[in-house]
file structure11.txt (compact mmCIF, C-alpha atoms)
# COMPACT_ATOMS: atom_id res chain seq x y z
CA MET A 14 -13.98 -6.91 -17.39
CA ARG A 15 -15.42 -3.39 -17.20
CA SER A 16 -15.45 -1.64 -13.87
CA SER A 17 -18.29 0.38 -12.41
CA TYR A 18 -18.36 3.30 -10.02
CA HIS A 19 -19.18 3.60 -6.35
CA ASN A 20 -19.31 7.41 -6.54
CA GLU A 21 -19.36 8.21 -10.24
CA ARG A 22 -19.78 11.97 -9.90
CA MET A 23 -16.71 12.30 -7.72
CA GLU A 24 -14.60 9.67 -9.46
CA ARG A 25 -15.17 11.51 -12.76
CA ALA A 26 -14.94 15.05 -11.34
CA SER A 27 -13.10 17.59 -13.49
CA ARG A 28 -9.55 18.57 -12.66
CA GLU A 29 -10.83 22.05 -11.83
CA GLU A 30 -13.37 20.66 -9.36
CA LEU A 31 -10.76 18.45 -7.73
CA ARG A 32 -8.41 21.40 -7.39
CA ASP A 33 -11.16 23.47 -5.74
CA ILE A 34 -11.93 20.59 -3.34
CA GLN A 35 -8.26 20.26 -2.44
CA THR A 36 -7.83 24.00 -1.96
CA MET A 37 -10.75 24.25 0.43
CA GLY A 38 -9.75 21.02 2.13
CA LEU A 39 -6.16 22.15 2.66
CA ARG A 40 -7.20 25.48 4.16
CA ARG A 41 -9.68 23.77 6.47
CA ILE A 42 -7.39 20.96 7.66
CA VAL A 43 -4.51 23.35 8.43
CA ARG A 44 -6.80 25.45 10.62
CA TYR A 45 -8.21 22.30 12.22
CA VAL A 46 -4.93 20.65 13.24
CA TYR A 47 -3.44 23.93 14.43
CA ARG A 48 -6.43 24.59 16.66
CA SER A 49 -6.91 20.99 17.85
CA ASN A 50 -3.42 19.66 18.58
CA SER A 51 -0.51 21.19 20.50
CA VAL A 52 2.12 19.07 18.70
CA TYR A 53 0.97 20.33 15.30
CA ARG A 54 0.68 23.88 16.64
CA LYS A 55 4.28 23.85 17.90
CA LEU A 56 5.47 22.28 14.64
CA PHE A 57 3.84 25.07 12.63
CA ASP A 58 5.08 27.79 14.98
CA ASP A 59 8.65 26.47 14.90
CA HIS A 60 8.44 26.44 11.11
CA GLY A 61 7.24 30.05 11.06
CA VAL A 62 3.93 29.35 9.35
CA SER A 63 0.36 29.99 10.47
CA PRO A 64 -2.98 28.79 9.04
CA GLU A 65 -3.60 32.27 7.61
CA ASP A 66 -0.51 31.84 5.40
CA ILE A 67 -2.11 28.89 3.56
CA ARG A 68 -4.52 30.26 0.97
CA GLY A 69 -4.18 27.69 -1.79
CA LEU A 70 -2.30 24.67 -3.12
CA GLU A 71 0.54 26.92 -4.17
CA ASP A 72 1.24 27.45 -0.46
CA LEU A 73 1.45 23.74 0.35
CA GLN A 74 5.25 23.71 0.38
CA ARG A 75 5.30 26.38 3.07
CA LEU A 76 4.04 23.76 5.52
CA PRO A 77 6.48 21.61 7.50
CA MET A 78 6.94 17.99 6.49
CA THR A 79 6.10 15.20 8.92
CA ASN A 80 7.26 11.60 9.06
CA LYS A 81 6.80 8.31 10.88
CA GLU A 82 9.27 9.37 13.56
CA LEU A 83 6.97 12.22 14.59
CA LEU A 84 4.08 9.78 14.94
CA ARG A 85 6.24 7.39 16.97
CA GLU A 86 7.39 10.19 19.26
CA SER A 87 3.72 11.07 19.79
CA TYR A 88 2.78 7.49 20.79
CA PRO A 89 0.16 6.50 21.65
CA MET A 90 -2.14 9.29 20.40
CA GLY A 91 -0.29 12.55 20.90
CA LEU A 92 -1.18 13.70 17.38
CA CYS A 93 -4.89 12.93 17.74
CA CYS A 94 -6.98 15.97 16.87
CA ALA A 95 -10.40 14.68 17.91
CA PRO A 96 -11.73 14.40 21.49
CA ARG A 97 -11.25 10.97 23.08
CA GLU A 98 -15.00 10.38 23.43
CA SER A 99 -15.39 10.54 19.64
CA ILE A 100 -12.80 7.79 18.96
CA VAL A 101 -14.56 4.53 18.04
CA GLU A 102 -11.79 2.32 16.62
CA MET A 103 -8.03 2.06 16.26
CA HIS A 104 -5.45 0.18 14.25
CA MET A 105 -1.69 0.31 14.27
CA SER A 106 1.47 -0.52 12.38
CA SER A 107 3.48 -3.60 13.25
CA GLY A 108 6.19 -1.64 15.01
CA SER A 109 8.76 -4.04 13.54
CA THR A 110 11.25 -1.20 13.04
CA GLY A 111 10.49 0.71 16.25
CA THR A 112 7.58 2.09 18.27
CA PRO A 113 4.30 1.32 16.47
CA VAL A 114 2.11 4.01 14.96
CA ILE A 115 -1.48 4.09 16.25
CA MET A 116 -4.21 5.37 13.96
CA PRO A 117 -7.44 6.35 15.77
CA TYR A 118 -10.77 6.63 13.95
CA THR A 119 -13.95 8.63 14.45
CA GLU A 120 -17.23 7.51 12.87
CA GLY A 121 -16.49 9.99 10.11
CA ASP A 122 -13.07 8.43 9.53
CA LEU A 123 -14.59 4.95 9.21
CA GLU A 124 -17.08 6.31 6.65
CA GLN A 125 -14.21 7.94 4.73
CA TRP A 126 -12.25 4.66 4.78
CA ALA A 127 -15.28 2.69 3.64
CA GLU A 128 -15.91 5.17 0.81
CA CYS A 129 -12.36 4.92 -0.52
CA MET A 130 -12.26 1.14 -0.21
CA ALA A 131 -15.69 0.72 -1.82
CA ARG A 132 -14.45 2.70 -4.81
CA CYS A 133 -11.56 0.27 -5.12
CA TYR A 134 -13.90 -2.73 -5.07
CA MET A 135 -16.16 -1.30 -7.76
CA MET A 136 -13.15 -0.19 -9.82
CA SER A 137 -11.98 -3.82 -9.87
CA GLY A 138 -15.26 -4.91 -11.46
CA ALA A 139 -17.19 -5.89 -8.34
CA ARG A 140 -20.98 -5.99 -8.51
CA LYS A 141 -23.43 -5.64 -5.66
CA GLY A 142 -24.01 -9.03 -4.04
CA ASP A 143 -20.68 -10.50 -5.18
CA ALA A 144 -19.04 -12.82 -2.66
CA VAL A 145 -15.77 -11.33 -1.41
CA GLN A 146 -13.41 -13.45 0.68
CA ILE A 147 -11.36 -11.28 3.04
CA THR A 148 -8.16 -13.11 4.02
CA PRO A 149 -6.11 -10.35 5.73
CA LEU A 150 -5.97 -10.46 9.53
CA PHE A 151 -8.84 -8.95 11.50
CA GLY A 152 -7.05 -7.23 14.36
CA LEU A 153 -4.61 -4.39 14.94
CA PHE A 154 -3.39 -4.71 11.34
CA ASN A 155 -5.76 -2.58 9.27
CA GLY A 156 -6.15 -4.94 6.31
CA GLY A 157 -9.06 -7.14 7.35
CA PHE A 158 -11.22 -4.38 8.81
CA GLY A 159 -10.52 -2.02 5.90
CA MET A 160 -11.58 -4.63 3.37
CA TYR A 161 -14.65 -5.32 5.52
CA HIS A 162 -15.76 -1.69 5.90
CA GLY A 163 -15.41 -1.14 2.16
CA ALA A 164 -17.22 -4.36 1.22
CA ARG A 165 -20.20 -3.39 3.38
CA ALA A 166 -20.32 0.05 1.76
CA ALA A 167 -20.15 -1.52 -1.72
CA GLY A 168 -23.00 -3.93 -0.95
CA LEU A 169 -20.94 -7.11 -1.25
CA PHE A 170 -21.49 -10.50 0.39
CA VAL A 171 -18.70 -10.67 2.98
CA ILE A 172 -16.87 -13.90 3.80
CA PRO A 173 -14.58 -12.72 6.66
CA THR A 174 -12.18 -15.66 6.86
CA GLY A 175 -9.03 -13.86 7.92
CA PRO A 176 -5.72 -15.65 7.17
CA GLY A 177 -4.80 -19.29 7.67
CA ASN A 178 -6.40 -22.73 7.28
CA THR A 179 -5.88 -22.46 3.55
CA ALA A 180 -7.62 -25.72 2.67
CA ARG A 181 -10.75 -24.42 4.39
CA GLN A 182 -10.37 -21.09 2.56
CA ILE A 183 -10.46 -22.94 -0.73
CA LYS A 184 -13.46 -25.06 0.28
CA LEU A 185 -15.40 -21.96 1.33
CA ALA A 186 -14.51 -20.21 -1.92
CA ARG A 187 -15.84 -23.19 -3.90
CA ASP A 188 -18.95 -23.69 -1.75
CA LEU A 189 -19.95 -20.02 -1.57
CA GLY A 190 -18.95 -18.97 -5.08
CA THR A 191 -16.31 -16.43 -4.13
CA ARG A 192 -15.80 -13.99 -7.00
CA ILE A 193 -13.36 -11.59 -5.29
CA ILE A 194 -10.46 -12.50 -3.05
CA THR A 195 -8.37 -10.03 -1.06
CA GLY A 196 -5.10 -10.57 0.74
CA VAL A 197 -1.45 -9.77 1.27
CA VAL A 198 0.65 -10.67 -1.75
CA SER A 199 2.34 -13.73 -0.21
CA TYR A 200 -1.00 -15.26 0.75
CA GLY A 201 -2.00 -15.24 -2.91
CA VAL A 202 1.06 -17.42 -3.52
CA ARG A 203 0.09 -19.73 -0.66
CA LEU A 204 -3.42 -20.19 -2.06
CA ILE A 205 -1.97 -21.28 -5.39
CA GLU A 206 0.31 -23.82 -3.72
CA VAL A 207 -2.51 -25.43 -1.74
CA MET A 208 -4.87 -25.42 -4.74
CA ASN A 209 -2.21 -27.29 -6.70
CA GLU A 210 -1.70 -29.76 -3.84
CA LEU A 211 -5.45 -30.41 -3.68
CA GLY A 212 -5.83 -30.50 -7.45
CA VAL A 213 -8.75 -28.05 -7.43
CA GLU A 214 -9.69 -24.81 -9.17
CA LEU A 215 -11.94 -21.89 -8.23
CA PRO A 216 -14.05 -21.44 -11.35
CA GLU A 217 -16.10 -18.50 -10.02
CA LEU A 218 -13.10 -16.53 -8.79
CA GLU A 219 -12.37 -13.59 -11.12
CA ILE A 220 -10.87 -10.71 -9.12
CA GLY A 221 -7.83 -10.63 -6.84
CA ILE A 222 -7.02 -7.52 -4.77
CA PHE A 223 -3.60 -7.71 -3.14
CA GLY A 224 -1.22 -5.37 -1.36
CA ALA A 225 0.82 -4.67 1.79
CA GLU A 226 4.01 -6.29 0.43
CA THR A 227 6.53 -6.05 -2.39
CA PHE A 228 4.55 -6.67 -5.59
CA SER A 229 6.55 -6.91 -8.79
CA ASP A 230 4.98 -7.17 -12.24
CA THR A 231 6.21 -10.75 -12.60
CA MET A 232 4.62 -11.72 -9.28
CA LYS A 233 1.35 -10.14 -10.42
CA LYS A 234 1.43 -12.31 -13.53
CA ARG A 235 2.13 -15.45 -11.49
CA ILE A 236 -0.76 -14.83 -9.12
CA SER A 237 -3.06 -13.92 -12.00
CA ALA A 238 -2.25 -17.15 -13.84
CA GLY A 239 -2.23 -19.33 -10.74
CA LEU A 240 -5.58 -18.16 -9.37
CA GLY A 241 -7.20 -17.37 -12.70
CA VAL A 242 -7.98 -13.79 -11.68
CA GLU A 243 -7.43 -10.23 -12.79
CA VAL A 244 -4.97 -8.83 -10.23
CA PHE A 245 -5.26 -5.36 -8.71
CA ASP A 246 -2.60 -3.54 -6.71
CA ILE A 247 -4.21 -1.75 -3.74
CA TYR A 248 -2.47 1.05 -1.87
CA GLY A 249 -2.84 2.59 1.56
CA MET A 250 -1.01 2.64 4.87
CA THR A 251 -1.71 2.99 8.56
CA GLU A 252 -0.78 6.68 8.47
CA THR A 253 -3.26 7.51 5.70
CA GLY A 254 -6.08 5.58 7.39
CA GLY A 255 -5.53 2.06 6.09
CA VAL A 256 -5.79 -0.17 3.06
CA GLY A 257 -7.40 1.38 -0.02
CA THR A 258 -7.46 4.92 1.34
CA LEU A 259 -4.94 6.17 -1.20
CA GLY A 260 -6.27 4.13 -4.13
CA MET A 261 -5.68 1.25 -6.53
CA ASP A 262 -5.05 0.56 -10.18
CA CYS A 263 -8.04 0.31 -12.50
CA GLU A 264 -8.80 -2.10 -15.33
CA MET A 265 -6.25 -0.29 -17.54
CA HIS A 266 -3.45 -1.27 -15.08
CA ASP A 267 -1.52 1.86 -15.94
CA GLY A 268 -0.89 3.35 -12.52
CA ILE A 269 -2.65 3.66 -9.18
CA HIS A 270 -5.51 6.15 -9.04
CA VAL A 271 -5.13 8.35 -5.92
CA TRP A 272 -8.42 9.58 -4.42
CA GLU A 273 -7.67 13.29 -4.76
CA ASP A 274 -10.89 14.44 -3.12
CA HIS A 275 -9.42 13.07 0.12
CA TYR A 276 -5.64 13.30 -0.35
CA ILE A 277 -3.08 15.69 -1.80
CA VAL A 278 0.06 13.95 -2.99
CA GLU A 279 3.47 15.28 -3.91
CA VAL A 280 6.51 13.49 -5.29
CA VAL A 281 9.73 14.98 -3.96
CA ASP A 282 13.46 14.44 -4.13
CA PRO A 283 14.23 12.18 -1.13
CA LYS A 284 17.39 14.13 -0.32
CA THR A 285 16.24 17.74 -0.72
CA GLY A 286 12.48 17.44 -0.19
CA GLU A 287 11.96 19.58 -3.30
CA PRO A 288 9.22 18.61 -5.80
CA VAL A 289 10.27 16.70 -8.91
CA GLU A 290 8.68 16.96 -12.34
CA ASP A 291 5.84 14.60 -13.25
CA GLY A 292 7.32 11.36 -14.55
CA GLU A 293 10.47 11.69 -12.45
CA PRO A 294 10.93 9.20 -9.58
CA GLY A 295 10.87 10.40 -6.00
CA GLU A 296 9.37 9.98 -2.54
CA LEU A 297 5.60 10.21 -2.09
CA VAL A 298 4.38 12.86 0.35
CA VAL A 299 0.74 12.77 1.48
CA THR A 300 -1.64 15.27 3.07
CA SER A 301 -4.97 13.83 4.24
CA PHE A 302 -7.56 16.61 4.42
CA THR A 303 -10.81 14.73 5.16
CA ARG A 304 -9.74 12.67 8.15
CA GLU A 305 -10.76 13.79 11.62
CA ALA A 306 -8.92 11.87 14.34
CA LEU A 307 -5.39 12.02 12.94
CA PRO A 308 -4.91 13.85 9.65
CA VAL A 309 -1.37 13.83 8.32
CA ILE A 310 0.23 16.98 6.93
CA ARG A 311 2.88 16.56 4.23
CA PHE A 312 3.67 13.08 5.51
CA ARG A 313 6.84 11.57 4.03
CA THR A 314 5.84 7.99 3.28
CA ALA A 315 9.35 6.77 2.29
CA ASP A 316 7.61 5.08 -0.68
CA LEU A 317 9.23 5.63 -4.07
CA THR A 318 7.03 6.30 -7.08
CA ARG A 319 6.35 8.84 -9.84
CA VAL A 320 3.34 10.61 -11.31
CA VAL A 321 2.19 8.64 -14.35
CA SER A 322 -0.50 11.04 -15.55
CA ARG A 323 -2.92 13.75 -14.49
CA GLU A 324 -5.05 13.28 -17.60
CA ARG A 325 -8.41 11.50 -17.66
CA CYS A 326 -7.81 7.74 -17.72
CA ASP A 327 -9.36 5.49 -20.36
CA CYS A 328 -11.44 4.01 -17.52
CA GLY A 329 -13.14 7.42 -17.22
CA ARG A 330 -11.64 8.44 -13.87
CA THR A 331 -9.92 11.77 -13.54
CA HIS A 332 -7.89 11.24 -10.36
CA LEU A 333 -4.15 11.31 -11.01
CA ARG A 334 -2.21 8.08 -11.34
CA ILE A 335 1.08 7.21 -9.69
CA ALA A 336 3.33 4.29 -10.58
CA PRO A 337 3.21 1.18 -8.37
CA ILE A 338 5.62 1.57 -5.47
CA THR A 339 9.11 0.54 -6.54
CA GLY A 340 10.48 0.34 -3.00
CA ARG A 341 10.74 2.03 0.38
CA LEU A 342 13.67 4.19 1.36
CA ASP A 343 13.96 2.32 4.65
CA ASP A 344 13.91 -1.02 2.77
CA MET A 345 16.90 -0.14 0.60
CA ILE A 346 19.74 -2.64 0.98
CA ILE A 347 23.31 -1.46 0.48
CA VAL A 348 25.86 -4.22 -0.10
CA LYS A 349 29.33 -3.86 -1.60
CA GLY A 350 28.54 -0.32 -2.69
CA VAL A 351 25.40 -1.38 -4.57
CA ASN A 352 21.95 -0.07 -3.62
CA PHE A 353 18.91 -2.22 -4.39
CA PHE A 354 15.38 -2.93 -3.23
CA PRO A 355 13.66 -6.26 -2.47
CA LYS A 356 11.30 -5.66 -5.38
CA GLN A 357 14.24 -5.79 -7.81
CA VAL A 358 15.23 -9.18 -6.42
CA GLU A 359 11.70 -10.50 -6.75
CA GLN A 360 11.37 -9.19 -10.31
CA ALA A 361 14.59 -10.94 -11.34
CA LEU A 362 13.78 -14.23 -9.60
CA MET A 363 10.24 -14.49 -10.97
CA GLN A 364 11.54 -14.20 -14.54
CA ILE A 365 13.61 -17.39 -14.22
CA PRO A 366 11.71 -20.42 -15.57
CA GLY A 367 11.21 -23.02 -12.85
CA VAL A 368 11.82 -20.69 -9.92
CA GLY A 369 9.09 -20.76 -7.27
CA ALA A 370 7.42 -17.78 -5.65
CA ASN A 371 8.95 -18.25 -2.20
CA TYR A 372 12.34 -16.69 -1.47
CA GLN A 373 14.44 -15.12 1.30
CA ILE A 374 16.84 -12.18 1.24
CA ILE A 375 19.24 -12.67 4.15
CA VAL A 376 21.36 -9.61 5.00
CA GLU A 377 24.37 -10.64 7.07
CA ASP A 378 26.24 -8.00 9.07
CA VAL A 379 29.56 -9.39 10.33
CA ASP A 380 31.54 -6.83 12.34
CA GLY A 381 30.03 -4.01 10.31
CA VAL A 382 30.64 -5.62 6.91
CA LYS A 383 27.41 -6.46 5.08
CA ASP A 384 26.82 -9.29 2.66
CA VAL A 385 23.62 -10.72 1.25
CA ARG A 386 22.43 -14.26 0.67
CA ILE A 387 19.39 -15.02 -1.47
CA ASN A 388 17.67 -18.36 -0.99
CA VAL A 389 15.00 -19.43 -3.43
CA GLU A 390 12.84 -22.43 -4.17
CA ALA A 391 12.97 -23.95 -7.64
CA GLU A 392 12.07 -27.00 -9.63
CA PRO A 393 14.73 -29.65 -10.43
CA GLY A 394 17.13 -28.45 -13.08
CA VAL A 395 17.37 -24.85 -11.88
CA THR A 396 20.93 -24.32 -10.72
CA GLY A 397 22.57 -21.82 -8.44
CA TYR A 398 24.52 -20.53 -11.43
CA THR A 399 21.30 -19.70 -13.27
CA VAL A 400 19.98 -17.76 -10.30
CA GLU A 401 23.29 -16.00 -9.68
CA LYS A 402 23.53 -14.92 -13.33
CA ALA A 403 20.01 -13.44 -13.32
CA LEU A 404 20.63 -11.59 -10.06
CA LYS A 405 23.97 -10.23 -11.26
CA GLU A 406 22.28 -8.81 -14.35
CA ALA A 407 19.57 -7.21 -12.21
CA LEU A 408 21.62 -5.99 -9.26
CA GLY A 409 25.11 -5.47 -10.62
CA PHE A 410 26.82 -7.97 -8.31
CA SER A 411 26.61 -11.69 -7.50
CA PRO A 412 25.01 -12.43 -4.13
CA LYS A 413 25.54 -15.74 -2.39
CA GLY A 414 22.59 -18.08 -2.13
CA ASP A 415 21.14 -21.54 -2.41
CA VAL A 416 18.41 -23.24 -4.40
CA PHE A 417 15.92 -25.33 -2.40
CA PRO A 418 13.20 -27.76 -3.51
CA ILE A 419 9.71 -26.29 -3.88
CA GLY A 420 7.96 -26.22 -0.51
CA SER A 421 11.04 -26.33 1.70
CA LEU A 422 11.40 -22.68 2.78
CA PRO A 423 9.22 -21.46 5.69
CA ARG A 424 5.63 -20.36 5.00
CA THR A 425 3.51 -17.82 6.84
CA GLU A 426 -0.25 -17.25 6.68
CA GLY A 427 0.17 -13.48 7.02
CA LYS A 428 2.81 -11.11 5.68
CA ALA A 429 5.87 -12.97 4.45
CA GLN A 430 9.23 -12.09 5.97
CA ARG A 431 11.18 -11.69 2.74
CA VAL A 432 14.13 -9.80 4.23
CA ILE A 433 15.95 -11.27 7.25
CA HIS A 434 18.69 -9.30 9.01
CA ILE A 435 21.38 -11.25 10.86
CA LYS A 436 24.08 -9.51 12.89
CA ARG A 437 27.11 -11.43 14.07
call {"tool": "encode", "arguments": {"input": "structure11.txt", "output": "structure tokens"}}
result
Amino acid sequence: MRSSYHNERMERASREELRDIQTMGLRRIVRYVYRSNSVYRKLFDDHGVSPEDIRGLEDLQRLPMTNKELLRESYPMGLCCAPRESIVEMHMSSGSTGTPVIMPYTEGDLEQWAECMARCYMMSGARKGDAVQITPLFGLFNGGFGMYHGARAAGLFVIPTGPGNTARQIKLARDLGTRIITGVVSYGVRLIEVMNELGVELPELEIGIFGAETFSDTMKKRISAGLGVEVFDIYGMTETGGVGTLGMDCEMHDGIHVWEDHYIVEVVDPKTGEPVEDGEPGELVVTSFTREALPVIRFRTADLTRVVSRERCDCGRTHLRIAPITGRLDDMIIVKGVNFFPKQVEQALMQIPGVGANYQIIVEDVDGVKDVRINVEAEPGVTGYTVEKALKEALGFSPKGDVFPIGSLPRTEGKAQRVIHIKR
């Protein structure tokens, strides 16, 4: 399947042109936030830097870093740089680990979001008029609306189902000839389960765009085989403006293209904040220089990745590629002196023949002593010993856990709760 372009000139821009765009964008956005927002102004002043000090990309590291805590402290819209009368929409994070982060949007921000998301659709192989079924929630979560704004910009036929009522989802996909389906990763698994229960296929479905959750290579293969689609890993977060704003992998599936005419990314050592060499793992730091309501400056995402390449991709695009996110710093689990991420657990489980796609990682904290239990669904014949052996090889220790029949662990129609913390 060969992709097409939504904005070919910009998606194939030379590295020199992209650097010039970023240089001008950085200088402009630094002046803008300093002039428009007192929180940013104080942050810059306390750091001993002024907009006049930032002349080019080589000065980027002179700017202070920001993080989710700063956005939470500024709740609800203390970091907003645009006047209230120009705000036309908002979305926010779940707030599951604290005060939620609100992202306001101007009309210009919605156009920027739609542009980035439309590029992702066309990069996946979408064609104008294709039926796209949007299963993420339409609400405060940005997924449904982001997919919608981008689909409209790309000229697609929108089927805005939202999550849930999976049997109806499948009927609509069959009746309307859905070619593209979008969703959170776990909902792709749920679709496969219900299709198997109903004994039906979706012959016109070819493209699956999934994100927002842990997404290991083995899970990608399972969803690809189960739905009969080419799977794409989409990337974006509330703080950058929503799903698809940062980018997605292309048909080569060799890293996520970051839309560098809108974002400057760095990969830094999580402990020191210093840049690491291309190819070395580290924490992704993002500066958004085309957003109006709430641009982020050197925002520490807590996402772990590495720069795959800055060379022109075989797909023709020139925007740099980063590796799929391997984990989040705040998702790291430390048990018995071993550090690991949920994605490592998923990768190990999905490689065991007969193991299902639904699992739970239960972190038990008893009087300050942590242990972990991993429950997984599997077909008859898969034993706890088999699972324990695979996890020990992957993690370096043997977690407790149980094997359950397929279909017995809880299901959700939205984001799956893979990690459960229990304190006793």
call {"tool": "atom_distance", "arguments": {"input": "structure11.txt", "atom1": "atom CA of Arg424 of chain A", "atom2": "atom CA of Ile205 of chain A"}}
result
12.9 Å
call {"tool": "atom_distance", "arguments": {"input": "structure11.txt", "atom1": "atom CA of Val114 of chain A", "atom2": "atom CA of Ala336 of chain A"}}
result
25.6 Å
call {"tool": "atom_distance", "arguments": {"input": "structure11.txt", "atom1": "atom CA of Ser199 of chain A", "atom2": "atom CA of Ala370 of chain A"}}
result
8.5 Å
call {"tool": "residues_around", "arguments": {"input": "structure11.txt", "residues": "Ser17 of chain A", "least_positions_apart": "5", "cutoff": "10 Å", "atoms": "all atoms listed in the file", "output": "number ranges by chain"}}
result
A: 132-140, 328-329
call {"tool": "closest_residue", "arguments": {"input": "structure11.txt", "among": "A:Gly224, A:Asp274, A:Val242, A:Leu169", "to": "Asn20 of chain A", "atoms": "all atoms listed in the file"}}
result
A:Asp274
call {"tool": "decode", "arguments": {"input": "structure11.txt", "residues": "segment 194-226 of chain A", "atoms": "C-alpha atoms", "output": "tab-separated table (two decimals), in the first residue's frame"}}
result
chain	number	residue	atom	x	y	z
A	194	ILE	CA	-10.52	2.29	11.55
A	195	THR	CA	-9.06	4.37	14.37
A	196	GLY	CA	-8.98	3.67	18.08
A	197	VAL	CA	-7.10	3.10	21.29
A	198	VAL	CA	-4.99	-0.04	21.17
A	199	SER	CA	-7.17	-2.13	23.50
A	200	TYR	CA	-10.28	-1.42	21.44
A	201	GLY	CA	-8.60	-3.00	18.44
A	202	VAL	CA	-8.31	-6.15	20.55
A	203	ARG	CA	-11.97	-5.91	21.54
A	204	LEU	CA	-13.06	-5.63	17.91
A	205	ILE	CA	-11.19	-8.83	17.08
A	206	GLU	CA	-12.85	-10.70	19.95
A	207	VAL	CA	-16.36	-9.69	18.91
A	208	MET	CA	-15.68	-10.39	15.23
A	209	ASN	CA	-14.59	-13.89	16.20
A	210	GLU	CA	-17.68	-14.36	18.38
A	211	LEU	CA	-19.93	-13.27	15.50
A	212	GLY	CA	-17.96	-15.24	12.92
A	213	VAL	CA	-17.65	-12.27	10.56
A	214	GLU	CA	-14.89	-10.45	8.71
A	215	LEU	CA	-14.49	-6.89	7.42
A	216	PRO	CA	-13.33	-7.42	3.85
A	217	GLU	CA	-13.06	-3.72	2.96
A	218	LEU	CA	-11.08	-2.77	6.06
A	219	GLU	CA	-7.42	-2.16	5.19
A	220	ILE	CA	-5.96	0.47	7.53
A	221	GLY	CA	-5.85	0.57	11.34
A	222	ILE	CA	-4.60	3.67	13.17
A	223	PHE	CA	-4.12	3.07	16.89
A	224	GLY	CA	-2.49	4.84	19.81
A	225	ALA	CA	-2.93	6.26	23.33
A	226	GLU	CA	-1.78	3.06	25.08
